[in-house]
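Below is one structure, written out as structure tokens, with a few remarks after it.
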Amino acid sequence: MKAKAKGLVIALLAPFVLGQCSSGSEDMGQTDTPRVFETNVVKTAAKQQSVAFFLTTEYPDAEWKVYASATGASKAAGIIAMCPTGSVLELMYITTDDIHAGNYFVSATAPGKTESGRLKLTVSAQEQSATPTTSIATVAKSTPQQSSVNFSLDHTKEYSANVTWKLYSYGQGANGQITNVTASLNGDVLTLTHNWDVPEGVYYLAAIDEGKSESERLHLTVAQYDAEQTPAPLPENAI
């Protein structure tokens with residue numbers, strides 16, 4: 001009687017023991033669709049090769065795929081997904097050094113299971129700095145030789161204390177940055193400074209605020225000194 005009972009217990013436990021020792025070749029159902037705490041991640045630099053999302057559940061040894069849409073077989077070109085740590089899902093653009101802003105659809109396939117449903121993830125472009133503006137874009141020098149020229153900017157409260165400024169020779173494009181003249185802001189006053197004499201001409205001013213990308217450019221003009229337009233100083237004995 002005891003032998004029969006023992007045999008019955010082994011027979012009942014056998015499926016569970018076999019399941020624990022399975023090589024994973026058997027289909028154990030569909031992988032759960034991945035979930036993350038935040039589905040939208042904003043880039044922290046103008047150019048950024050990868051972004052990270054934080055998974056609510058770990059997927060050990062899962063295979064990840066990135067698609068261009070919620071359905072269909074088309075993969076997202078040049079994009080891979082990986083888990084450098086258990087809870088971090090990283091999207092990386094392997095073709096260039098900058099992952100494009102847009103929507104990506106990821107799936108996971110756990111060992112021994114079929115592919116999960118797709119999770120929509122959004123990569124948003126870095127927020128752009130506010131474009132500087134002014135009501136007076138042309139300022140004439142007040143002396144023939146002048147190491148600094150001041151402009152009055154509008155809406156300066158939009159900028160953080162860590163804003164930086166760039167000057168260009170052109171209204172757009174990566175080339176033409178001016179390095180011998182610098183720009184600094186104090187309150188509403190933007191000052192262009194040169195070691196000896198600010199050259200007359202056109203300058204294009206851009207702002208780069210903390211954690212944001214470079215702004216569009218403001219056209220500024222430094223005009224030459226005009227003695228006829230500049231009032232002569234009063235004599236010392238004038239009343």
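Going through the structure tokens in order, the chains are called A, B, and so on, while each chain numbers its residues from 1 and the ligands are numbered from 1 in the order shown.
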
field: Surrounding residues of Asn40 of chain A excluding itself and chain neighbours under 3 positions, 12 Å, only C-alpha atoms, as a ChimeraX atom specification
entry: /A:36-37,43,51-54,101-104,119-125

Can you write out the residues you just picked, keeping C-alpha atoms, as a CSV table (one decimal), in the first residue's frame?
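Okay, this is what ended up in again_19.csv:
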```csv
chain,number,residue,atom,x,y,z
A,36,VAL,CA,8.1,51.1,-18.5
A,37,PHE,CA,7.5,53.8,-15.9
A,43,LYS,CA,17.0,63.9,-25.1
A,51,VAL,CA,18.3,57.0,-24.5
A,52,ALA,CA,17.2,54.9,-21.5
A,53,PHE,CA,13.8,53.8,-20.3
A,54,PHE,CA,13.1,52.1,-17.0
A,101,ALA,CA,13.2,61.9,-32.2
A,102,GLY,CA,10.1,59.8,-32.9
A,103,ASN,CA,8.2,56.7,-32.0
A,104,TYR,CA,9.7,53.3,-31.6
A,119,LEU,CA,5.3,48.7,-26.4
A,120,LYS,CA,5.3,52.2,-28.0
A,121,LEU,CA,8.2,54.4,-26.8
A,122,THR,CA,8.7,58.0,-27.7
A,123,VAL,CA,12.0,59.8,-28.0
A,124,SER,CA,11.5,63.6,-27.9
A,125,ALA,CA,14.0,66.2,-29.2
```

- prompt: as a ChimeraX atom specification, which residues of segment 16-217 of chain A does DSSP assign to helix (DSSP H, G or I)?
  reply: /A:16-20,156-158

task: Using only C-alpha atoms, determine which residues lie at most 7 Å from segment 167-184 of chain A, disregarding the query and same-chain residues fewer than 3 positions distant; provide the list as a count of residues only.
output: 12

task: Using only C-alpha atoms, pick whichever of A:Ser215, A:Asn150, A:Gln126, A:Thr133 has the shortest atom-to-atom distance to Trp165 of chain A.
output: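 Between A:Ser215, A:Asn150, A:Gln126, A:Thr133, the residue approaching Trp165 of chain A most closely is A:Ser215.
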
Just the residues within 8 Å of Thr156 of chain A, please, counting only C-alpha atoms, with nothing from its chain fewer than 6 positions along; format it as an mmCIF file with N, CA, C and O atoms, in the first residue's frame.
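Produced file result.cif, reproduced below:
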```
data_model
loop_
_atom_site.group_PDB
_atom_site.id
_atom_site.type_symbol
_atom_site.label_atom_id
_atom_site.label_comp_id
_atom_site.auth_asym_id
_atom_site.auth_seq_id
_atom_site.Cartn_x
_atom_site.Cartn_y
_atom_site.Cartn_z
ATOM 1 N N PRO A 132 16.823 84.832 -28.610
ATOM 2 C CA PRO A 132 16.932 86.216 -28.093
ATOM 3 C C PRO A 132 16.257 87.202 -29.035
ATOM 4 O O PRO A 132 16.258 87.022 -30.261
ATOM 5 N N GLY A 187 21.561 91.262 -16.486
ATOM 6 C CA GLY A 187 20.206 91.795 -16.478
ATOM 7 C C GLY A 187 19.631 91.739 -17.871
ATOM 8 O O GLY A 187 19.541 90.665 -18.470
ATOM 9 N N ASP A 188 19.235 92.893 -18.404
ATOM 10 C CA ASP A 188 18.720 92.948 -19.778
ATOM 11 C C ASP A 188 19.780 93.399 -20.775
ATOM 12 O O ASP A 188 19.487 93.531 -21.968
#
```

- prompt: With only C-alpha atoms as the basis for distance, which of A:Pro60, A:Pro144, A:Gly117, A:Gly78 is at the shortest distance from Gln30 of chain A?
  reply: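 Closest residue, counting only C-alpha atoms: A:Gly117.
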
field: Backbone-only DSSP, strand (DSSP E) members of segment 121-229 of chain A, as a PyMOL selection string
entry: chain A and resi 121-124+138-140+148-152+164-168+177-178+182-186+189-193+201-208+218-223

field: Point-to-point distance in Å for atom CA of Ile79 of chain A and atom CA of Ile94 of chain A
entry: 6.2 Å

- request: For Glu58 of chain A, please output as a list in words all residues within 8 Å (counting only C-alpha atoms; exclusion window: fewer than 2 positions along the same chain).
  value: Leu55, Thr56, Pro60, Gly86 and Ser87 of chain A

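Excluding Ala70 of chain A itself and same-chain residues fewer than 2 positions from it, the residues having an atom within 8 Å of it are Tyr67, Ala68, Gly72, Phe105, Arg118, Leu119 and Lys120 of chain A, counting only C-alpha atoms.
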
- prompt: Which is closer to Met28 of chain A than all the others in A:Ala223, A:Ala73, A:Val189, A:Ala110, using only C-alpha atoms?
  reply: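 Using only C-alpha atoms, Met28 of chain A sits closest to A:Ala110.
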
- request: For atom CA of Thr134 of chain A and atom CA of Leu153 of chain A, quote the distance in Å rounded to one decimal.
  value: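 Interatomic distance, atom CA of Thr134 of chain A to atom CA of Leu153 of chain A: 4.7 Å.
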
statement: Residue with the minimum atom-to-atom distance to Thr96 of chain A, picked from A:Ser50, A:Ala227, A:Gly201, A:Thr33 with only C-alpha atoms counted, is A:Ser50

query: In Å, with one decimal, what is the gap from atom CA of Glu158 of chain A to atom CA of Val222 of chain A?
result: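 So the answer is 24.8 Å.
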
field: Proximity to Tyr225 of chain A - best of A:Ser69, A:Ser74, A:Ser147, A:Ser142, only C-alpha atoms
entry: A:Ser142
